[in-house]
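Participant: Here you go, one structure.
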Amino acid sequence: MSARRIGLILIGDELLNGRKQDAHLPAMIPRFAQRGLEIGWVRLIGDDPALITATLTDSLASGDIVFCFGGIGATPDDLTRQCAAAALGVEIELHPEAEYEIRAQLAERLNANHLRMGEFPAGSRIIPNPINRIPGFSIRDHHFVPGFPRMAWPMVEWVLDHAYADLQAPGQQVSQTLVLADTSEGPLIPLMEQLLREFGELRLACLPHAEGRQEVELTLRGPPQQVAAGMDRLRELLIDYRR
């Protein structure tokens, strides 16, 4: 894909104080991977409006594609919509399509507080919610979905398949891992540096085991042919290393 990275912003005090464990990142990784996309960064922040605004200001300036989870409900601790508007320097307003969806879903149960959930930064586009019709919103390349996994995950998939189909490249990036026994990462550093000099397109990850076992995992990621060639070369270098 292009030089733009994909980032996730996870919002909620409950994620920082231990009341809840984040479920979004482990769910998003395979959803992006099956589309040939990678998550480049993740930020986990609390319900602090100054921090949310500053984080969104930075991410909007980056040009990255960003998915933001949480804080778009109607209660006083749901601050993401207002912070996004502040970061963009625009007003917040009731989106007509969001209003229609909310009214259609709630009918006679509707009250003014419910309509707050349709107030988005001016210029936003809605993200359909297949569970309860209360939409999220997109503006620029930032996409805001609820914190509830059952709603958020299909909404993210909808954005990926409608807004970024041209970036999807399944199978163009692959990974292979080699597990090396009876060694540690230190002696392998020159070997890894040599491999990366020869295969500049590849990304290498070294994962040593820290439970008393002398074992290291080396993973190569990149275009399939490059990974295959890199793995062959890695095995050659390991043969020389073990002599």
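A note on labels: chains of the structure tokens are A, B, ... as shown, every chain counts residues from 1, and ligands are counted from 1 in their shown order.
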Can you tell me, as a ChimeraX atom specification, which residues in chain A count as strand (DSSP E) by DSSP?
Facilitator: /A:6-11,41-45,65-69,92-94,119-121,125-127,136-139,142-145,174-181,203-208,215-222
Participant: Pull the helix (DSSP H, G or I) assignments for region 38-213 of chain A out of DSSP run on the backbone, and list those residues as a tab-separated table (two decimals) with C-alpha atoms, in the first residue's frame.
Facilitator:
chain	number	residue	atom	x	y	z
A	49	PRO	CA	-10.81	15.57	26.30
A	50	ALA	CA	-7.53	17.47	26.04
A	51	LEU	CA	-5.64	14.24	25.38
A	52	ILE	CA	-8.21	12.97	22.87
A	53	THR	CA	-8.12	16.29	21.00
A	54	ALA	CA	-4.31	16.37	20.97
A	55	THR	CA	-4.11	12.76	19.80
A	56	LEU	CA	-6.57	13.40	16.96
A	57	THR	CA	-4.80	16.62	16.01
A	58	ASP	CA	-1.56	14.66	15.61
A	59	SER	CA	-3.14	11.79	13.71
A	60	LEU	CA	-5.06	14.10	11.36
A	61	ALA	CA	-1.82	15.88	10.52
A	62	SER	CA	-0.06	12.59	9.76
A	80	THR	CA	-14.84	11.68	20.97
A	81	ARG	CA	-17.25	13.47	18.63
A	82	GLN	CA	-16.64	16.84	20.26
A	83	CYS	CA	-12.88	16.29	20.41
A	84	ALA	CA	-12.76	15.33	16.73
A	85	ALA	CA	-14.57	18.57	15.85
A	86	ALA	CA	-12.14	20.57	17.99
A	87	ALA	CA	-9.14	18.87	16.37
A	88	LEU	CA	-10.55	19.67	12.93
A	96	PRO	CA	-29.27	14.41	8.53
A	97	GLU	CA	-28.61	10.77	7.57
A	98	ALA	CA	-27.65	9.93	11.14
A	99	GLU	CA	-30.82	11.61	12.39
A	100	TYR	CA	-32.90	9.55	9.97
A	101	GLU	CA	-31.29	6.29	11.12
A	102	ILE	CA	-31.69	7.13	14.80
A	103	ARG	CA	-35.32	8.14	14.39
A	104	ALA	CA	-36.06	5.00	12.37
A	105	GLN	CA	-34.46	2.80	15.02
A	106	LEU	CA	-35.94	4.37	18.15
A	107	ALA	CA	-39.32	5.61	16.86
A	108	GLU	CA	-41.52	6.60	19.81
A	109	ARG	CA	-38.70	5.95	22.30
A	112	ALA	CA	-33.15	14.61	22.52
A	113	ASN	CA	-30.30	12.69	24.17
A	114	HIS	CA	-30.53	9.99	21.53
A	115	LEU	CA	-30.05	12.55	18.78
A	116	ARG	CA	-26.73	13.57	20.31
A	117	MET	CA	-25.36	10.34	18.88
A	118	GLY	CA	-25.94	11.78	15.41
A	149	PRO	CA	-17.13	-4.96	19.49
A	150	ARG	CA	-20.34	-6.43	18.06
A	151	MET	CA	-21.06	-3.11	16.36
A	152	ALA	CA	-17.54	-1.79	15.77
A	153	TRP	CA	-16.02	-4.72	13.94
A	154	PRO	CA	-18.50	-5.00	11.04
A	155	MET	CA	-18.44	-1.21	10.75
A	156	VAL	CA	-14.66	-1.25	10.31
A	157	GLU	CA	-15.00	-3.99	7.70
A	158	TRP	CA	-17.58	-1.89	5.85
A	159	VAL	CA	-15.16	1.07	5.75
A	160	LEU	CA	-12.29	-1.10	4.54
A	161	ASP	CA	-14.32	-2.62	1.74
A	162	HIS	CA	-16.06	0.58	0.64
A	163	ALA	CA	-13.38	3.23	1.12
A	165	ALA	CA	-10.81	-1.50	-1.74
A	166	ASP	CA	-8.06	-0.07	-3.97
A	167	LEU	CA	-5.48	-0.49	-1.20
A	186	GLY	CA	23.12	-12.02	20.47
A	187	PRO	CA	25.30	-14.26	18.27
A	188	LEU	CA	22.74	-13.99	15.46
A	189	ILE	CA	22.92	-10.18	15.14
A	190	PRO	CA	25.68	-10.12	12.45
A	191	LEU	CA	23.77	-12.76	10.50
A	192	MET	CA	20.54	-10.74	10.68
A	193	GLU	CA	22.32	-7.56	9.63
A	194	GLN	CA	23.84	-9.36	6.64
A	195	LEU	CA	20.44	-10.69	5.60
A	196	LEU	CA	18.85	-7.24	5.73
A	197	ARG	CA	21.68	-5.76	3.66
A	198	GLU	CA	20.95	-8.32	0.97
Participant: Any idea what the distance is between CA of Pro170 (chain A) and CA of Gly222 (chain A)?
Facilitator: 12.2 Å
